[in-house]
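*Asks:* File work.pdb below, PDB, C-alpha atoms and all ligand atoms:
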ATOM      1  CA  MET M   1     -41.830  58.222 -41.798  1.00  0.00           C
ATOM      2  CA  VAL M   2     -44.942  58.571 -39.721  1.00  0.00           C
ATOM      3  CA  ASP M   3     -47.686  61.129 -39.789  1.00  0.00           C
ATOM      4  CA  PRO M   4     -46.553  64.010 -41.970  1.00  0.00           C
ATOM      5  CA  THR M   5     -48.959  66.376 -40.253  1.00  0.00           C
ATOM      6  CA  HIS M   6     -46.707  66.254 -37.198  1.00  0.00           C
ATOM      7  CA  GLU M   7     -43.673  67.302 -39.158  1.00  0.00           C
ATOM      8  CA  SER M   8     -42.764  70.945 -39.444  1.00  0.00           C
ATOM      9  CA  SER M   9     -44.408  72.530 -42.441  1.00  0.00           C
ATOM     10  CA  GLN M  10     -42.692  75.797 -41.580  1.00  0.00           C
ATOM     11  CA  ASN M  11     -39.474  74.791 -43.345  1.00  0.00           C
ATOM     12  CA  ALA M  12     -41.161  73.838 -46.568  1.00  0.00           C
ATOM     13  CA  GLY M  13     -40.381  75.976 -49.590  1.00  0.00           C
ATOM     14  CA  LYS M  14     -38.144  78.409 -47.720  1.00  0.00           C
ATOM     15  CA  PRO M  15     -34.610  77.863 -48.970  1.00  0.00           C
ATOM     16  CA  GLY M  16     -31.926  79.667 -47.025  1.00  0.00           C
ATOM     17  CA  ARG M  17     -34.017  80.144 -43.904  1.00  0.00           C
ATOM     18  CA  ALA M  18     -32.986  78.611 -40.613  1.00  0.00           C
ATOM     19  CA  ARG M  19     -34.671  75.297 -40.071  1.00  0.00           C
ATOM     20  CA  GLN M  20     -37.119  75.141 -37.206  1.00  0.00           C
ATOM     21  CA  ARG M  21     -36.524  72.365 -34.700  1.00  0.00           C
ATOM     22  CA  ILE M  22     -39.430  70.701 -32.960  1.00  0.00           C
ATOM     23  CA  LEU M  23     -39.181  69.503 -29.385  1.00  0.00           C
ATOM     24  CA  GLU M  24     -41.703  66.803 -28.490  1.00  0.00           C
ATOM     25  CA  GLY M  25     -42.883  67.870 -25.060  1.00  0.00           C
ATOM     26  CA  ILE M  26     -45.886  67.450 -22.807  1.00  0.00           C
ATOM     27  CA  VAL M  27     -48.161  70.425 -22.187  1.00  0.00           C
ATOM     28  CA  THR M  28     -50.366  70.789 -19.146  1.00  0.00           C
ATOM     29  CA  THR M  29     -53.281  73.180 -19.070  1.00  0.00           C
ATOM     30  CA  VAL M  30     -56.195  73.728 -16.714  1.00  0.00           C
ATOM     31  CA  ASN M  31     -59.617  72.424 -17.749  1.00  0.00           C
ATOM     32  CA  GLU M  32     -62.825  74.336 -17.135  1.00  0.00           C
ATOM     33  CA  ASP M  33     -63.659  72.048 -14.205  1.00  0.00           C
ATOM     34  CA  GLY M  34     -60.267  72.745 -12.598  1.00  0.00           C
ATOM     35  CA  THR M  35     -58.699  69.371 -13.479  1.00  0.00           C
ATOM     36  CA  THR M  36     -55.409  69.109 -15.356  1.00  0.00           C
ATOM     37  CA  ASN M  37     -55.199  68.328 -19.059  1.00  0.00           C
ATOM     38  CA  ILE M  38     -52.001  66.534 -20.080  1.00  0.00           C
ATOM     39  CA  SER M  39     -51.129  66.318 -23.747  1.00  0.00           C
ATOM     40  CA  PRO M  40     -48.013  65.598 -25.829  1.00  0.00           C
ATOM     41  CA  MET M  41     -47.357  68.535 -28.148  1.00  0.00           C
ATOM     42  CA  GLY M  42     -44.561  69.519 -30.487  1.00  0.00           C
ATOM     43  CA  ALA M  43     -43.022  72.908 -29.690  1.00  0.00           C
ATOM     44  CA  THR M  44     -41.045  74.820 -32.306  1.00  0.00           C
ATOM     45  CA  ILE M  45     -38.239  76.179 -30.173  1.00  0.00           C
ATOM     46  CA  ASP M  46     -34.594  77.244 -30.244  1.00  0.00           C
ATOM     47  CA  GLU M  47     -31.786  76.696 -27.729  1.00  0.00           C
ATOM     48  CA  THR M  48     -32.652  79.780 -25.686  1.00  0.00           C
ATOM     49  CA  MET M  49     -35.874  78.058 -24.590  1.00  0.00           C
ATOM     50  CA  SER M  50     -37.340  81.500 -23.972  1.00  0.00           C
ATOM     51  CA  HIS M  51     -40.203  81.402 -26.459  1.00  0.00           C
ATOM     52  CA  PHE M  52     -41.781  78.807 -28.724  1.00  0.00           C
ATOM     53  CA  VAL M  53     -44.733  78.025 -30.964  1.00  0.00           C
ATOM     54  CA  LEU M  54     -47.327  75.319 -30.278  1.00  0.00           C
ATOM     55  CA  ARG M  55     -49.542  73.976 -33.063  1.00  0.00           C
ATOM     56  CA  PRO M  56     -52.550  72.270 -31.475  1.00  0.00           C
ATOM     57  CA  TYR M  57     -55.533  71.366 -33.617  1.00  0.00           C
ATOM     58  CA  GLN M  58     -58.642  73.415 -32.934  1.00  0.00           C
ATOM     59  CA  THR M  59     -60.360  70.209 -31.868  1.00  0.00           C
ATOM     60  CA  SER M  60     -57.913  69.641 -28.986  1.00  0.00           C
ATOM     61  CA  THR M  61     -58.544  70.425 -25.356  1.00  0.00           C
ATOM     62  CA  THR M  62     -55.101  72.051 -25.203  1.00  0.00           C
ATOM     63  CA  PHE M  63     -56.194  74.596 -27.798  1.00  0.00           C
ATOM     64  CA  ARG M  64     -59.423  75.372 -25.962  1.00  0.00           C
ATOM     65  CA  ASN M  65     -57.680  75.735 -22.601  1.00  0.00           C
ATOM     66  CA  LEU M  66     -54.923  77.951 -23.981  1.00  0.00           C
ATOM     67  CA  GLY M  67     -57.485  80.119 -25.741  1.00  0.00           C
ATOM     68  CA  ARG M  68     -59.463  80.503 -22.528  1.00  0.00           C
ATOM     69  CA  LEU M  69     -56.655  80.998 -20.003  1.00  0.00           C
ATOM     70  CA  GLY M  70     -53.640  82.008 -22.071  1.00  0.00           C
ATOM     71  CA  GLU M  71     -51.143  79.951 -20.091  1.00  0.00           C
ATOM     72  CA  GLY M  72     -49.785  76.492 -19.509  1.00  0.00           C
ATOM     73  CA  VAL M  73     -46.651  74.475 -18.762  1.00  0.00           C
ATOM     74  CA  LEU M  74     -44.373  72.786 -21.324  1.00  0.00           C
ATOM     75  CA  HIS M  75     -42.453  69.784 -19.950  1.00  0.00           C
ATOM     76  CA  VAL M  76     -39.310  68.104 -21.241  1.00  0.00           C
ATOM     77  CA  THR M  77     -39.340  64.512 -20.099  1.00  0.00           C
ATOM     78  CA  ASP M  78     -38.050  61.045 -20.976  1.00  0.00           C
ATOM     79  CA  ASP M  79     -41.051  59.390 -19.283  1.00  0.00           C
ATOM     80  CA  VAL M  80     -42.442  57.544 -22.296  1.00  0.00           C
ATOM     81  CA  GLU M  81     -45.149  55.765 -20.320  1.00  0.00           C
ATOM     82  CA  LEU M  82     -46.617  59.120 -19.402  1.00  0.00           C
ATOM     83  CA  LEU M  83     -46.303  60.338 -22.988  1.00  0.00           C
ATOM     84  CA  ALA M  84     -47.956  57.185 -24.367  1.00  0.00           C
ATOM     85  CA  ARG M  85     -50.905  57.378 -21.993  1.00  0.00           C
ATOM     86  CA  ALA M  86     -51.338  61.128 -22.399  1.00  0.00           C
ATOM     87  CA  ALA M  87     -51.361  60.787 -26.196  1.00  0.00           C
ATOM     88  CA  VAL M  88     -54.556  58.709 -26.071  1.00  0.00           C
ATOM     89  CA  GLY M  89     -56.111  60.504 -23.098  1.00  0.00           C
ATOM     90  CA  GLN M  90     -55.568  57.720 -20.558  1.00  0.00           C
ATOM     91  CA  VAL M  91     -53.178  59.313 -18.168  1.00  0.00           C
ATOM     92  CA  VAL M  92     -52.673  59.035 -14.464  1.00  0.00           C
ATOM     93  CA  ALA M  93     -50.012  61.609 -13.729  1.00  0.00           C
ATOM     94  CA  GLN M  94     -49.134  63.562 -10.672  1.00  0.00           C
ATOM     95  CA  VAL M  95     -48.804  67.300 -10.679  1.00  0.00           C
ATOM     96  CA  SER M  96     -47.015  69.175  -7.948  1.00  0.00           C
ATOM     97  CA  ASP M  97     -48.811  71.251  -5.366  1.00  0.00           C
ATOM     98  CA  ALA M  98     -48.049  74.627  -6.801  1.00  0.00           C
ATOM     99  CA  SER M  99     -48.468  77.837  -4.914  1.00  0.00           C
ATOM    100  CA  ASP M 100     -50.132  79.121  -8.066  1.00  0.00           C
ATOM    101  CA  PRO M 101     -53.058  76.803  -8.922  1.00  0.00           C
ATOM    102  CA  ARG M 102     -52.763  77.712 -12.608  1.00  0.00           C
ATOM    103  CA  ARG M 103     -49.350  76.036 -12.783  1.00  0.00           C
ATOM    104  CA  ARG M 104     -49.713  72.292 -13.229  1.00  0.00           C
ATOM    105  CA  ILE M 105     -46.137  71.009 -13.127  1.00  0.00           C
ATOM    106  CA  LEU M 106     -45.701  67.255 -13.628  1.00  0.00           C
ATOM    107  CA  THR M 107     -43.940  65.573 -10.723  1.00  0.00           C
ATOM    108  CA  ASP M 108     -41.858  63.290 -12.934  1.00  0.00           C
ATOM    109  CA  THR M 109     -40.402  65.733 -15.427  1.00  0.00           C
ATOM    110  CA  CYS M 110     -36.830  66.636 -16.292  1.00  0.00           C
ATOM    111  CA  ARG M 111     -37.488  70.320 -17.002  1.00  0.00           C
ATOM    112  CA  TRP M 112     -40.555  72.546 -16.999  1.00  0.00           C
ATOM    113  CA  TYR M 113     -41.404  75.888 -18.603  1.00  0.00           C
ATOM    114  CA  VAL M 114     -44.382  77.951 -17.489  1.00  0.00           C
ATOM    115  CA  PHE M 115     -45.553  80.022 -20.457  1.00  0.00           C
ATOM    116  CA  GLN M 116     -47.997  82.705 -21.431  1.00  0.00           C
ATOM    117  CA  VAL M 117     -49.674  82.932 -24.815  1.00  0.00           C
ATOM    118  CA  THR M 118     -48.550  85.996 -26.765  1.00  0.00           C
ATOM    119  CA  GLU M 119     -50.174  85.274 -30.152  1.00  0.00           C
ATOM    120  CA  LEU M 120     -52.940  82.977 -31.261  1.00  0.00           C
ATOM    121  CA  ASP M 121     -53.631  82.329 -34.924  1.00  0.00           C
ATOM    122  CA  SER M 122     -56.619  80.038 -35.428  1.00  0.00           C
ATOM    123  CA  GLN M 123     -57.228  80.598 -39.126  1.00  0.00           C
ATOM    124  CA  GLN M 124     -56.272  76.999 -39.921  1.00  0.00           C
ATOM    125  CA  ALA M 125     -57.498  73.753 -38.358  1.00  0.00           C
ATOM    126  CA  ARG M 126     -53.997  73.398 -36.944  1.00  0.00           C
ATOM    127  CA  THR M 127     -53.397  76.607 -35.031  1.00  0.00           C
ATOM    128  CA  ASN M 128     -50.210  78.555 -34.290  1.00  0.00           C
ATOM    129  CA  ILE M 129     -49.803  79.736 -30.734  1.00  0.00           C
ATOM    130  CA  GLY M 130     -46.856  81.926 -29.786  1.00  0.00           C
ATOM    131  CA  CYS M 131     -45.719  81.374 -26.197  1.00  0.00           C
ATOM    132  CA  GLN M 132     -43.365  83.283 -23.903  1.00  0.00           C
ATOM    133  CA  VAL M 133     -41.631  81.430 -21.059  1.00  0.00           C
ATOM    134  CA  VAL M 134     -42.151  83.251 -17.745  1.00  0.00           C
ATOM    135  CA  ASP M 135     -40.704  80.729 -15.302  1.00  0.00           C
ATOM    136  CA  GLN M 136     -38.741  77.481 -15.520  1.00  0.00           C
ATOM    137  CA  GLY M 137     -37.187  74.751 -13.457  1.00  0.00           C
ATOM    138  CA  HIS M 138     -35.145  71.541 -13.484  1.00  0.00           C
ATOM    139  CA  ARG M 139     -36.163  68.418 -11.572  1.00  0.00           C
ATOM    140  CA  ARG M 140     -33.928  65.590 -12.762  1.00  0.00           C
ATOM    141  CA  GLU M 141     -31.509  64.609 -15.514  1.00  0.00           C
ATOM    142  CA  PHE M 142     -32.723  63.499 -18.926  1.00  0.00           C
ATOM    143  CA  PHE M 143     -31.882  59.818 -19.524  1.00  0.00           C
ATOM    144  CA  GLY M 144     -30.290  60.345 -22.945  1.00  0.00           C
ATOM    145  CA  PHE M 145     -30.623  58.814 -26.409  1.00  0.00           C
ATOM    146  CA  ASN M 146     -32.458  55.523 -26.504  1.00  0.00           C
ATOM    147  CA  ARG M 147     -33.936  53.973 -29.643  1.00  0.00           C
ATOM    148  CA  ALA M 148     -36.790  52.335 -27.748  1.00  0.00           C
ATOM    149  CA  LYS M 149     -37.849  55.649 -26.197  1.00  0.00           C
ATOM    150  CA  HIS M 150     -37.872  57.255 -29.638  1.00  0.00           C
ATOM    151  CA  ALA M 151     -39.823  54.294 -30.996  1.00  0.00           C
ATOM    152  CA  VAL M 152     -42.469  54.862 -28.312  1.00  0.00           C
ATOM    153  CA  VAL M 153     -42.724  58.543 -29.298  1.00  0.00           C
ATOM    154  CA  GLU M 154     -43.333  57.490 -32.915  1.00  0.00           C
ATOM    155  CA  ALA M 155     -45.830  54.829 -31.845  1.00  0.00           C
ATOM    156  CA  ALA M 156     -47.687  57.392 -29.732  1.00  0.00           C
ATOM    157  CA  ILE M 157     -48.032  59.673 -32.741  1.00  0.00           C
ATOM    158  CA  LEU M 158     -49.334  56.745 -34.782  1.00  0.00           C
ATOM    159  CA  ALA M 159     -51.874  55.964 -32.056  1.00  0.00           C
ATOM    160  CA  THR M 160     -53.234  59.505 -32.286  1.00  0.00           C
ATOM    161  CA  ARG M 161     -53.589  59.159 -36.068  1.00  0.00           C
ATOM    162  CA  VAL M 162     -55.826  56.082 -36.147  1.00  0.00           C
ATOM    163  CA  GLY M 163     -58.653  56.853 -38.577  1.00  0.00           C
ATOM    164  CA  ILE M 164     -56.503  59.460 -40.345  1.00  0.00           C
ATOM    165  CA  LEU M 165     -53.603  57.353 -41.594  1.00  0.00           C
ATOM    166  CA  ASP M 166     -54.080  54.130 -43.490  1.00  0.00           C
ATOM    167  CA  ASP M 167     -54.606  51.180 -41.086  1.00  0.00           C
ATOM    168  CA  GLU M 168     -52.059  49.012 -42.872  1.00  0.00           C
ATOM    169  CA  GLN M 169     -49.441  51.751 -42.686  1.00  0.00           C
ATOM    170  CA  ILE M 170     -49.980  52.007 -38.923  1.00  0.00           C
ATOM    171  CA  ARG M 171     -49.636  48.225 -38.468  1.00  0.00           C
ATOM    172  CA  ASN M 172     -46.464  48.117 -40.565  1.00  0.00           C
ATOM    173  CA  GLU M 173     -44.889  51.023 -38.684  1.00  0.00           C
ATOM    174  CA  LEU M 174     -45.686  49.476 -35.311  1.00  0.00           C
ATOM    175  CA  CYS M 175     -44.128  46.227 -36.454  1.00  0.00           C
ATOM    176  CA  ARG M 176     -40.930  48.020 -37.471  1.00  0.00           C
ATOM    177  CA  LEU M 177     -40.818  50.018 -34.218  1.00  0.00           C
ATOM    178  CA  SER M 178     -41.346  46.901 -32.101  1.00  0.00           C
ATOM    179  CA  ILE M 179     -37.893  45.659 -33.134  1.00  0.00           C
ATOM    180  CA  LEU M 180     -36.269  48.765 -31.638  1.00  0.00           C
ATOM    181  CA  VAL M 181     -38.183  48.362 -28.381  1.00  0.00           C
ATOM    182  CA  GLU M 182     -37.262  44.667 -28.228  1.00  0.00           C
ATOM    183  CA  LYS M 183     -33.567  45.385 -28.836  1.00  0.00           C
ATOM    184  CA  THR M 184     -33.013  48.459 -26.673  1.00  0.00           C
ATOM    185  CA  GLY M 185     -35.947  49.017 -24.300  1.00  0.00           C
ATOM    186  CA  GLY M 186     -36.212  48.535 -20.552  1.00  0.00           C
ATOM    187  CA  ASP M 187     -39.387  47.695 -18.627  1.00  0.00           C
ATOM    188  CA  SER M 188     -40.893  51.140 -18.928  1.00  0.00           C
ATOM    189  CA  GLU M 189     -40.395  51.328 -22.723  1.00  0.00           C
ATOM    190  CA  HIS M 190     -41.901  47.839 -23.098  1.00  0.00           C
ATOM    191  CA  ARG M 191     -44.908  48.775 -20.964  1.00  0.00           C
ATOM    192  CA  ALA M 192     -45.442  52.011 -22.910  1.00  0.00           C
ATOM    193  CA  PHE M 193     -45.148  50.302 -26.291  1.00  0.00           C
ATOM    194  CA  ASP M 194     -47.389  47.369 -25.314  1.00  0.00           C
ATOM    195  CA  PHE M 195     -49.987  49.832 -24.053  1.00  0.00           C
ATOM    196  CA  LEU M 196     -50.005  51.660 -27.406  1.00  0.00           C
ATOM    197  CA  VAL M 197     -50.128  48.436 -29.424  1.00  0.00           C
ATOM    198  CA  GLN M 198     -53.122  47.300 -27.355  1.00  0.00           C
ATOM    199  CA  HIS M 199     -54.807  50.675 -27.876  1.00  0.00           C
ATOM    200  CA  VAL M 200     -54.332  50.448 -31.655  1.00  0.00           C
ATOM    201  CA  ALA M 201     -55.376  46.779 -31.698  1.00  0.00           C
ATOM    202  CA  ASP M 202     -58.623  47.666 -29.933  1.00  0.00           C
ATOM    203  CA  LYS M 203     -59.349  50.265 -32.597  1.00  0.00           C
ATOM    204  CA  ILE M 204     -58.250  48.675 -35.873  1.00  0.00           C
ATOM    205  CA  GLY M 205     -57.023  45.167 -34.975  1.00  0.00           C
ATOM    206  CA  LEU M 206     -53.539  43.922 -35.741  1.00  0.00           C
ATOM    207  CA  GLU M 207     -54.530  40.841 -37.869  1.00  0.00           C
TER     208      GLU M 207
HETATM  209  C1  LIG N   1     -45.016  63.316 -29.690  1.00  0.00           C
HETATM  210  C2  LIG N   1     -46.387  63.857 -29.995  1.00  0.00           C
HETATM  211  C3  LIG N   1     -46.508  65.144 -30.512  1.00  0.00           C
HETATM  212  C4  LIG N   1     -47.782  65.676 -30.790  1.00  0.00           C
HETATM  213  N1  LIG N   1     -47.875  66.949 -31.281  1.00  0.00           N
HETATM  214  C5  LIG N   1     -49.098  67.476 -31.513  1.00  0.00           C
HETATM  215  C6  LIG N   1     -49.237  68.807 -32.002  1.00  0.00           C
HETATM  216  O1  LIG N   1     -48.250  69.517 -32.215  1.00  0.00           O
HETATM  217  N2  LIG N   1     -50.494  69.281 -32.214  1.00  0.00           N
HETATM  218  C7  LIG N   1     -51.604  68.517 -31.963  1.00  0.00           C
HETATM  219  O2  LIG N   1     -52.729  69.004 -32.142  1.00  0.00           O
HETATM  220  N3  LIG N   1     -51.497  67.246 -31.514  1.00  0.00           N
HETATM  221  C8  LIG N   1     -50.284  66.719 -31.285  1.00  0.00           C
HETATM  222  N4  LIG N   1     -50.177  65.439 -30.832  1.00  0.00           N
HETATM  223  C9  LIG N   1     -51.391  64.656 -30.614  1.00  0.00           C
HETATM  224  C10 LIG N   1     -52.051  65.035 -29.287  1.00  0.00           C
HETATM  225  O3  LIG N   1     -51.185  64.780 -28.195  1.00  0.00           O
HETATM  226  C11 LIG N   1     -53.304  64.175 -29.113  1.00  0.00           C
HETATM  227  O4  LIG N   1     -54.181  64.396 -30.184  1.00  0.00           O
HETATM  228  C12 LIG N   1     -53.988  64.470 -27.834  1.00  0.00           C
HETATM  229  O5  LIG N   1     -55.013  63.541 -27.681  1.00  0.00           O
HETATM  230  C13 LIG N   1     -54.600  65.864 -27.777  1.00  0.00           C
HETATM  231  O6  LIG N   1     -54.981  66.013 -26.459  1.00  0.00           O
HETATM  232  P1  LIG N   1     -55.917  67.163 -25.939  1.00  0.00           P
HETATM  233  O7  LIG N   1     -57.203  67.113 -26.746  1.00  0.00           O
HETATM  234  O8  LIG N   1     -56.132  66.754 -24.515  1.00  0.00           O
HETATM  235  O9  LIG N   1     -55.204  68.459 -26.057  1.00  0.00           O
HETATM  236  C14 LIG N   1     -48.926  64.890 -30.555  1.00  0.00           C
HETATM  237  C15 LIG N   1     -48.793  63.595 -30.047  1.00  0.00           C
HETATM  238  C16 LIG N   1     -47.542  63.077 -29.780  1.00  0.00           C
HETATM  239  C17 LIG N   1     -47.419  61.682 -29.228  1.00  0.00           C
END
With the file now loaded, output its structure as structure tokens.
*Replies:*
Amino acid sequence: MVDPTHESSQNAGKPGRARQRILEGIVTTVNEDGTTNISPMGATIDETMSHFVLRPYQTSTTFRNLGRLGEGVLHVTDDVELLARAAVGQVVAQVSDASDPRRRILTDTCRWYVFQVTELDSQQARTNIGCQVVDQGHRREFFGFNRAKHAVVEAAILATRVGILDDEQIRNELCRLSILVEKTGGDSEHRAFDFLVQHVADKIGLE
């Protein structure tokens, strides 16, 4: 298991209630200077894909932008290189020329969901933001299950938890995940994973 703070705490201690499923997506929002912020975020969502809850930390740019503008775009993608780079704030991604400048839709996404904030609870460090989908689209097919892609998602979460999780735990997890990338990954999964390993190595070393 990796960072427990990224797991749903909404299921805990509630026997008999439907379990909440988290979709690991990428959220774009508009920064104060008009540039695009791109950030992986878990969305608690059901199959209707009509509304969901985001839980950004108050320290995140996503939280600040959503609080200021009340809208953004959730993307479903299998582009793990983009996810890896966005997780540590080193992203070069293209957004489409939208007729509405507030909509920053990633060019290489499978599906996108423009949303508006309906509720914002910032009582805790990790906030709860209710979102209503107001427009959506499909660009290309999702690749499908791949262990290396999932390993990159886990590695990206680890990379965002440097300084919070134990260093040794992060190194051990990366070592375990590297086997999955080696066995089942293509070029893009290898590039994404190597990028994250280098990022972590720069911060805490890998011995
Ligand atoms: C798969 C994945 C899911 C994540 N989910 C969340 C989340 O739900 N809330 C959060 O605050 N950070 C989450 N993170 C970490 C943020 O993406 C990361 O801290 C990012 O740097 C925040 O960017 P921002 O400050 O530009 O919004 C997630 C990271 C990954 C890789």
*Asks:* Show me, as a tab-separated table, the residues of chain M having an atom within 10 Å of ligand LIG 1 (chain N), each with the closest atom pair and its distance in Å, using all atoms listed in the file.
*Replies:*
residue	atom	partner	partner_atom	distance
M:Thr5	CA	N:LIG1	C6	8.6
M:His6	CA	N:LIG1	N1	6.1
M:Glu7	CA	N:LIG1	O1	8.6
M:Ser8	CA	N:LIG1	O1	9.2
M:Ile22	CA	N:LIG1	O1	8.9
M:Leu23	CA	N:LIG1	C1	8.5
M:Glu24	CA	N:LIG1	C1	5.0
M:Gly25	CA	N:LIG1	C1	6.8
M:Ile26	CA	N:LIG1	O3	8.0
M:Val27	CA	N:LIG1	O9	8.3
M:Thr28	CA	N:LIG1	O9	8.8
M:Thr29	CA	N:LIG1	O9	8.6
M:Asn31	CA	N:LIG1	O8	9.5
M:Thr36	CA	N:LIG1	O8	9.5
M:Asn37	CA	N:LIG1	O8	5.8
M:Ile38	CA	N:LIG1	O8	6.1
M:Ser39	CA	N:LIG1	O3	4.7
M:Pro40	CA	N:LIG1	O3	4.0
M:Met41	CA	N:LIG1	N1	3.5
M:Gly42	CA	N:LIG1	O1	4.1
M:Ala43	CA	N:LIG1	O1	6.7
M:Thr44	CA	N:LIG1	O1	8.9
M:Val53	CA	N:LIG1	O1	9.3
M:Leu54	CA	N:LIG1	O1	6.2
M:Arg55	CA	N:LIG1	O1	4.7
M:Pro56	CA	N:LIG1	O2	3.3
M:Tyr57	CA	N:LIG1	O2	4.0
M:Gln58	CA	N:LIG1	O2	7.4
M:Thr59	CA	N:LIG1	O7	6.8
M:Ser60	CA	N:LIG1	O7	3.5
M:Thr61	CA	N:LIG1	O7	3.8
M:Thr62	CA	N:LIG1	O9	3.7
M:Phe63	CA	N:LIG1	O9	6.5
M:Arg64	CA	N:LIG1	O9	8.1
M:Asn65	CA	N:LIG1	O9	8.4
M:Leu66	CA	N:LIG1	O9	9.7
M:Val80	CA	N:LIG1	C17	9.5
M:Leu83	CA	N:LIG1	C17	6.5
M:Ala84	CA	N:LIG1	C17	6.6
M:Arg85	CA	N:LIG1	C17	9.1
M:Ala86	CA	N:LIG1	O3	6.9
M:Ala87	CA	N:LIG1	O3	4.5
M:Val88	CA	N:LIG1	O5	5.1
M:Gly89	CA	N:LIG1	O5	5.6
M:Gln90	CA	N:LIG1	O5	9.2
M:Ala125	CA	N:LIG1	O2	9.2
M:Arg126	CA	N:LIG1	O2	6.6
M:Thr127	CA	N:LIG1	O2	8.2
M:Asn128	CA	N:LIG1	O1	9.5
M:His150	CA	N:LIG1	C1	9.4
M:Val152	CA	N:LIG1	C17	8.5
M:Val153	CA	N:LIG1	C1	5.3
M:Glu154	CA	N:LIG1	C1	6.9
M:Ala155	CA	N:LIG1	C17	7.5
M:Ala156	CA	N:LIG1	C17	4.3
M:Ile157	CA	N:LIG1	C17	4.1
M:Leu158	CA	N:LIG1	C17	7.7
M:Ala159	CA	N:LIG1	C17	7.8
M:Thr160	CA	N:LIG1	O4	5.4
M:Arg161	CA	N:LIG1	O4	7.9
*Asks:* Got a sec to resolve the PyMOL selection byres (((chain M and resi 140) around 8) and not hetatm) on this structure and send the residues as a PyMOL selection string?
*Replies:* chain M and resi 109-111+138-139+141-142
*Asks:* So that I can check the surroundings of Glu119 in chain M, please list as a ChimeraX atom specification every protein, DNA and RNA residue that reaches within 10 Å of it, counting only C-alpha atoms and ignoring chain neighbours fewer than 6 positions away.
*Replies:* /M:53,67,70,128-132
*Asks:* Give the answer as one residue: which of M:Ser188, M:Ser178, M:Thr77, M:Thr35 has the shortest atom-to-atom distance to Pro101 in chain M, using only C-alpha atoms?
*Replies:*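 Of M:Ser188, M:Ser178, M:Thr77, M:Thr35, the one nearest Pro101 in chain M is M:Thr35, counting only C-alpha atoms.
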*Asks:* Write out as a list of chain:residue names each polymer residue whose atoms come within 10 Å of Glu168 in chain M, counting all atoms listed in the file; drop sequence neighbours fewer than 5 positions from it.
*Replies:*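 The neighbour list is M:Glu173, M:Leu174, M:Ile204, M:Leu206, M:Glu207.
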*Asks:* Could you write those residues out with C-alpha atoms, as a compact mmCIF listing (two decimals), keeping the file's coordinate frame?
*Replies:*
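Wrote it out as result27.txt, contents follow:
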# COMPACT_ATOMS: atom_id res chain seq x y z
CA GLU M 173 -44.89 51.02 -38.68
CA LEU M 174 -45.69 49.48 -35.31
CA ILE M 204 -58.25 48.68 -35.87
CA LEU M 206 -53.54 43.92 -35.74
CA GLU M 207 -54.53 40.84 -37.87
*Asks:* Mind giving me the straight-line distance from CA of Val95 in chain M to CA of Thr107 in chain M in Å, one decimal?
*Replies:* 5.2 Å
*Asks:* Quick one: distance from CA of Glu47 in chain M to CA of Phe115 in chain M in Å, one decimal?
*Replies:*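 Interatomic distance here is 15.9 Å.
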*Asks:* Taking all atoms of range 72-79 of chain M that the file lists and extending 5 Å past them on each side, where is the centre of the axis-aligned box and how long are its edges? Answer in Å to one decimal, as lines of an AutoDock Vina configuration file.
*Replies:*
center_x = -43.9
center_y = 67.9
center_z = -20.0
size_x = 21.7
size_y = 27.1
size_z = 12.6
